[in-house]
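Engineer: Can you read through this structure? Questions will come right after.
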Amino acid sequence: MSDKTKSLLSQLPELKDQRNKETIYQNIQKKMNEPAQSRTKKKKKTPWVIPTFAAALVILLAVLITPGLFNQNDGPTNLAITEESNEKSELADHSAASENDSQTENTTEAPSDSSNDLAANTTIVKEEDPPLPKAEAKFEQYIPALQQTNGESVVLSYPDPESLLLVPISFKVDSSKTMANNIQDTLSTFDASQYGLASSPLVNATFDVVTEDGTKTLVVSFEEPGDSLSSNESIMINDSVQQLAASLNAEEISWQTKGEEGYNLGNFGPADTSVNNKPSPYYLYETNTKNRFLVEGPSLQGEEGAQLDVALSQMKEGSKEATWYKPAIPSDVSIYSFEGDGSEATIAFTKDSKFQSEEEALQTIEAIMLAASQYNYKTILFENTGFDQIGNYSLNEKLSVPQSPNAVTIN
Amino acid sequence: MDKIFDRLYEHYHTNLFQFIFYMVKNRAVAEELVQEVYINVLRSYQYYEERSNEKTWLLAIARNVAIDYLRTHNRRTSRWLSKFDFNKQQTEDSTPLPDEILVQKEEVQGVYKCLKECTLDQQQVLILRYIQELSINETAEILNWSVSKVKTTQHRAIKALRELVDEQTNSQLKGVL
């Protein structure tokens, strides 16, 4: 049978380009002679026109119709993300309950997927900040996140061997060195191949972090112009710099070529100096060394980016098209409800949710917390995990969101 | 006309176009992408090291360009699909089969359709090994993989493709019965 399949494959016809050599050459010449600026305008600006107008329209409508939408973090939203239906059900409005300043905490009784019962009210007790986990847990495959208690960190990104995605890796900062030296030293000493990753696209760049007039700027300088970069190389460099700038809380990026202002990202043209703070769903990526990392999927734009439940739905479903993004919420686990109150959130899993291992539970709750942190949630209380303790997280209390994903220590 | 372009076109154009076409399965897109390959090649030809095989170097660039496209295209598709509740049937690819495939026997058409259902890794290996008829070493060089990874992926790809073809045949039979 295998031989027959191979034989059928080899019978697939030779497909020929129907254009002649001259036509192709003219097209190439035309494209090559296009000034970089005009190409940039086409590529960079056009895709933003419709989303910008759409976003403005949505905001206008929201202001006119429901001003309450802007207080979404203050009102609880329940949703069920189930494998079968992927439907998000907006459940009862608990605004009255949340206004009640009760000092008791009622645990959400999450029914099984088949139940139609609504979640019981959850009133979150205003307490002091929860204890933070002290040290990273050790697991076989999953690389746990870096905690807030671990001090300052920097996130450097490493592509998978096929450059389909970037894996953000968090490194603790040595406070005796400048940030620029920390970045440079990490790039030169960290061997990404031991985790099945390719080397950083920023390995030949130099860095500086400057604060002027209260604006923190990440300065990235390249020795060679980026005009001949492929679009994939351009994306990898841009996304790596963006993730690094976001991890440093920089507000601007100064792209330089040989110390001179400006850097072209291949056909995309001049690199964007603003820092992308749009939220992204977190997915799971497993390397060929069997290490599992949390990776950010494509940023959520406009309306869909405004809601954490959209990000959670995508994290549950994974990406059918970009199959390298695996779901960060396993198939046997469903979220029954999500309630946000300011910087605090409560996430209840359905009662029949089942994690296969403590490691799977850890990667799931860290992925959810990291996604939630992009929506300014600082603490999360998880219910119905089936665990009292996962790694250094005590599941009976509110957990502080981690600082950044995939903490690695260089020996 | 640029001498480098002229030579590369004469020697490799059919291979490049064919490889890209079978990766993206769309003639218009393949025409655009093959031009992008030449642009990248002409811009970076000075860095080409003669110790490596020119054909595998070009196909490696073509592969990156095709993956760039699929990656961007998939992102866009996924973003749009997430906005609407399309069901599975609606998302099925309705691109008509190219004329060259339509004149082939049904079994060959079936293999072409099922090739789309394989993973990207599997598709690349199948196209390079059985349509482009490259060696395992050349395939490994283009994909920047180890030889053993090519062998393993090839084995899995053939198995997956065979199962998809069987599945398709069975569902057609059910339709007849």
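As shown in the structure tokens, the chain order sets the letters A, B, ...; within each chain, residues go from 1, and ligands are also counted from 1 in the order they appear.
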Can you list every residue in stretch 221-328 of chain A that DSSP puts in alpha helix (DSSP H), as a VMD selection string?

Structural biologist: chain A and resid 231 to 247 302 to 305 308 to 317

Engineer: Per residue of chain B within 7 Å of chain A, what are the shortest atom pair and its distance in Å to one decimal, counting only C-alpha atoms, with rows by chain and residue number, as CSV?

Structural biologist:
```
residue,atom,partner,partner_atom,distance
B:Thr14,CA,A:Lys16,CA,6.2
B:Phe17,CA,A:Asp17,CA,6.5
B:Gln18,CA,A:Leu15,CA,5.5
B:Gln35,CA,A:Ile28,CA,6.0
B:Ile39,CA,A:Ile28,CA,6.4
B:Asn40,CA,A:Ser228,CA,6.8
B:Arg43,CA,A:Ser228,CA,6.1
B:Ser44,CA,A:Ser228,CA,6.8
B:Asp68,CA,A:Asn232,CA,5.5
B:Asn74,CA,A:Glu321,CA,5.5
B:Ser78,CA,A:Glu321,CA,6.5
B:Glu100,CA,A:Pro13,CA,6.4
B:Ile101,CA,A:Pro13,CA,6.7
B:Val108,CA,A:Leu8,CA,5.7
B:Val111,CA,A:Leu9,CA,6.7
B:Tyr130,CA,A:Ser10,CA,5.3
B:Ile131,CA,A:Ser10,CA,5.2
B:Ile158,CA,A:Ser2,CA,6.5
B:Arg162,CA,A:Thr5,CA,6.1
```

Engineer: Do you know which residues are at most 10 Å from A:Thr206 counting only C-alpha atoms, after dropping those on the same chain fewer than 3 positions away, and could you put them as a list of chain:residue names?

Structural biologist: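 With the cut-off at 10 Å, the set is A:Ala180, A:Asn181, A:Ile183, A:Gln184, A:Leu202, A:Val203, A:Val219, A:Val220, A:Ser221, A:Phe222, A:Glu223, A:Gln256, A:Lys258, A:Gly259.
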
Engineer: Taking the backbone alone, and naming residues the way the document does, which bits of stretch 141-361 of chain A are strand (DSSP E or B) by DSSP, as a PyMOL selection string?

Structural biologist: chain A and resi 142+146+153-159+166-172+206-212+215-222+252-257+260-261+264+270+274+282-286+292-296+326+335-341+344-349

Engineer: Selection from above, C-alpha atoms, as a PDB file, in the first residue's frame, can you write it?

Structural biologist:
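Wrote it out as out.pdb, contents follow:
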```pdb
ATOM      1  CA  TYR A 142       6.975  22.017  31.213  1.00  0.00           C
ATOM      2  CA  LEU A 146       8.951  33.311  36.479  1.00  0.00           C
ATOM      3  CA  SER A 153      13.744  39.736  34.521  1.00  0.00           C
ATOM      4  CA  VAL A 154      14.194  40.034  30.798  1.00  0.00           C
ATOM      5  CA  VAL A 155      12.342  38.072  28.123  1.00  0.00           C
ATOM      6  CA  LEU A 156      14.307  36.953  25.073  1.00  0.00           C
ATOM      7  CA  SER A 157      12.621  35.056  22.278  1.00  0.00           C
ATOM      8  CA  TYR A 158      13.890  32.023  20.403  1.00  0.00           C
ATOM      9  CA  PRO A 159      12.310  30.622  17.237  1.00  0.00           C
ATOM     10  CA  LEU A 166       8.793  32.473  18.869  1.00  0.00           C
ATOM     11  CA  VAL A 167       9.251  31.019  22.343  1.00  0.00           C
ATOM     12  CA  PRO A 168       9.622  33.747  24.967  1.00  0.00           C
ATOM     13  CA  ILE A 169      12.118  32.744  27.651  1.00  0.00           C
ATOM     14  CA  SER A 170      12.451  34.612  30.925  1.00  0.00           C
ATOM     15  CA  PHE A 171      15.873  35.146  32.456  1.00  0.00           C
ATOM     16  CA  LYS A 172      16.574  36.686  35.848  1.00  0.00           C
ATOM     17  CA  THR A 206      23.402  45.481  20.410  1.00  0.00           C
ATOM     18  CA  PHE A 207      21.082  46.990  22.972  1.00  0.00           C
ATOM     19  CA  ASP A 208      20.660  49.864  25.334  1.00  0.00           C
ATOM     20  CA  VAL A 209      17.837  50.976  27.589  1.00  0.00           C
ATOM     21  CA  VAL A 210      17.528  54.733  28.078  1.00  0.00           C
ATOM     22  CA  THR A 211      14.996  56.852  29.961  1.00  0.00           C
ATOM     23  CA  GLU A 212      14.576  60.423  28.765  1.00  0.00           C
ATOM     24  CA  THR A 215       9.993  57.775  28.511  1.00  0.00           C
ATOM     25  CA  LYS A 216      11.762  54.443  28.642  1.00  0.00           C
ATOM     26  CA  THR A 217      13.211  53.461  25.257  1.00  0.00           C
ATOM     27  CA  LEU A 218      14.762  50.210  24.137  1.00  0.00           C
ATOM     28  CA  VAL A 219      17.552  50.944  21.675  1.00  0.00           C
ATOM     29  CA  VAL A 220      18.331  48.088  19.261  1.00  0.00           C
ATOM     30  CA  SER A 221      21.176  48.510  16.827  1.00  0.00           C
ATOM     31  CA  PHE A 222      22.045  46.188  13.944  1.00  0.00           C
ATOM     32  CA  GLU A 252       9.286  53.141  22.630  1.00  0.00           C
ATOM     33  CA  ILE A 253      11.765  51.289  20.472  1.00  0.00           C
ATOM     34  CA  SER A 254      14.643  53.046  18.776  1.00  0.00           C
ATOM     35  CA  TRP A 255      15.687  50.908  15.792  1.00  0.00           C
ATOM     36  CA  GLN A 256      19.169  51.694  14.525  1.00  0.00           C
ATOM     37  CA  THR A 257      21.484  50.549  11.755  1.00  0.00           C
ATOM     38  CA  GLU A 260      22.160  55.525  12.884  1.00  0.00           C
ATOM     39  CA  GLU A 261      18.442  55.951  13.533  1.00  0.00           C
ATOM     40  CA  ASN A 264      14.256  48.438   7.515  1.00  0.00           C
ATOM     41  CA  PRO A 270      10.943  50.893   8.436  1.00  0.00           C
ATOM     42  CA  SER A 274       5.805  51.859  19.184  1.00  0.00           C
ATOM     43  CA  TYR A 282      -1.234  31.717  25.222  1.00  0.00           C
ATOM     44  CA  TYR A 283      -0.713  28.361  23.579  1.00  0.00           C
ATOM     45  CA  LEU A 284       1.473  25.403  24.294  1.00  0.00           C
ATOM     46  CA  TYR A 285       4.441  24.449  22.157  1.00  0.00           C
ATOM     47  CA  GLU A 286       6.425  21.254  22.552  1.00  0.00           C
ATOM     48  CA  ARG A 292       6.922  22.347  26.770  1.00  0.00           C
ATOM     49  CA  PHE A 293       6.732  26.125  26.621  1.00  0.00           C
ATOM     50  CA  LEU A 294       3.960  28.688  26.710  1.00  0.00           C
ATOM     51  CA  VAL A 295       3.950  30.830  23.577  1.00  0.00           C
ATOM     52  CA  GLU A 296       1.913  33.840  22.566  1.00  0.00           C
ATOM     53  CA  LYS A 326      -1.441  23.526  20.829  1.00  0.00           C
ATOM     54  CA  ILE A 335     -13.936  26.569  32.239  1.00  0.00           C
ATOM     55  CA  TYR A 336     -17.331  26.899  33.868  1.00  0.00           C
ATOM     56  CA  SER A 337     -17.224  30.510  34.912  1.00  0.00           C
ATOM     57  CA  PHE A 338     -15.046  33.552  34.939  1.00  0.00           C
ATOM     58  CA  GLU A 339     -15.709  36.489  37.211  1.00  0.00           C
ATOM     59  CA  GLY A 340     -13.642  39.630  37.223  1.00  0.00           C
ATOM     60  CA  ASP A 341     -13.629  42.242  39.942  1.00  0.00           C
ATOM     61  CA  GLU A 344      -9.020  40.133  40.886  1.00  0.00           C
ATOM     62  CA  ALA A 345     -10.613  37.280  39.021  1.00  0.00           C
ATOM     63  CA  THR A 346     -12.131  33.919  39.917  1.00  0.00           C
ATOM     64  CA  ILE A 347     -12.032  31.117  37.399  1.00  0.00           C
ATOM     65  CA  ALA A 348     -14.012  27.943  38.077  1.00  0.00           C
ATOM     66  CA  PHE A 349     -13.480  24.782  36.088  1.00  0.00           C
TER      67      PHE A 349
END
```

Engineer: Which is closer to B:Trp145 than all the others in B:Val125, B:Leu42, B:Val165, B:Leu33, using only C-alpha atoms?

Structural biologist: B:Val125

Engineer: Please, what distance in Å, to one decimal, runs between atom CA of A:Lys398 and atom CA of A:Ile380?

Structural biologist: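 The value is 5.3 Å.
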
Engineer: Could you work out how far atom CA of A:Ser280 lies from atom CA of A:Gln356, giving the answer in Å with one decimal?

Structural biologist: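 For atom CA of A:Gln356 relative to atom CA of A:Ser280, the distance reads 25.7 Å.
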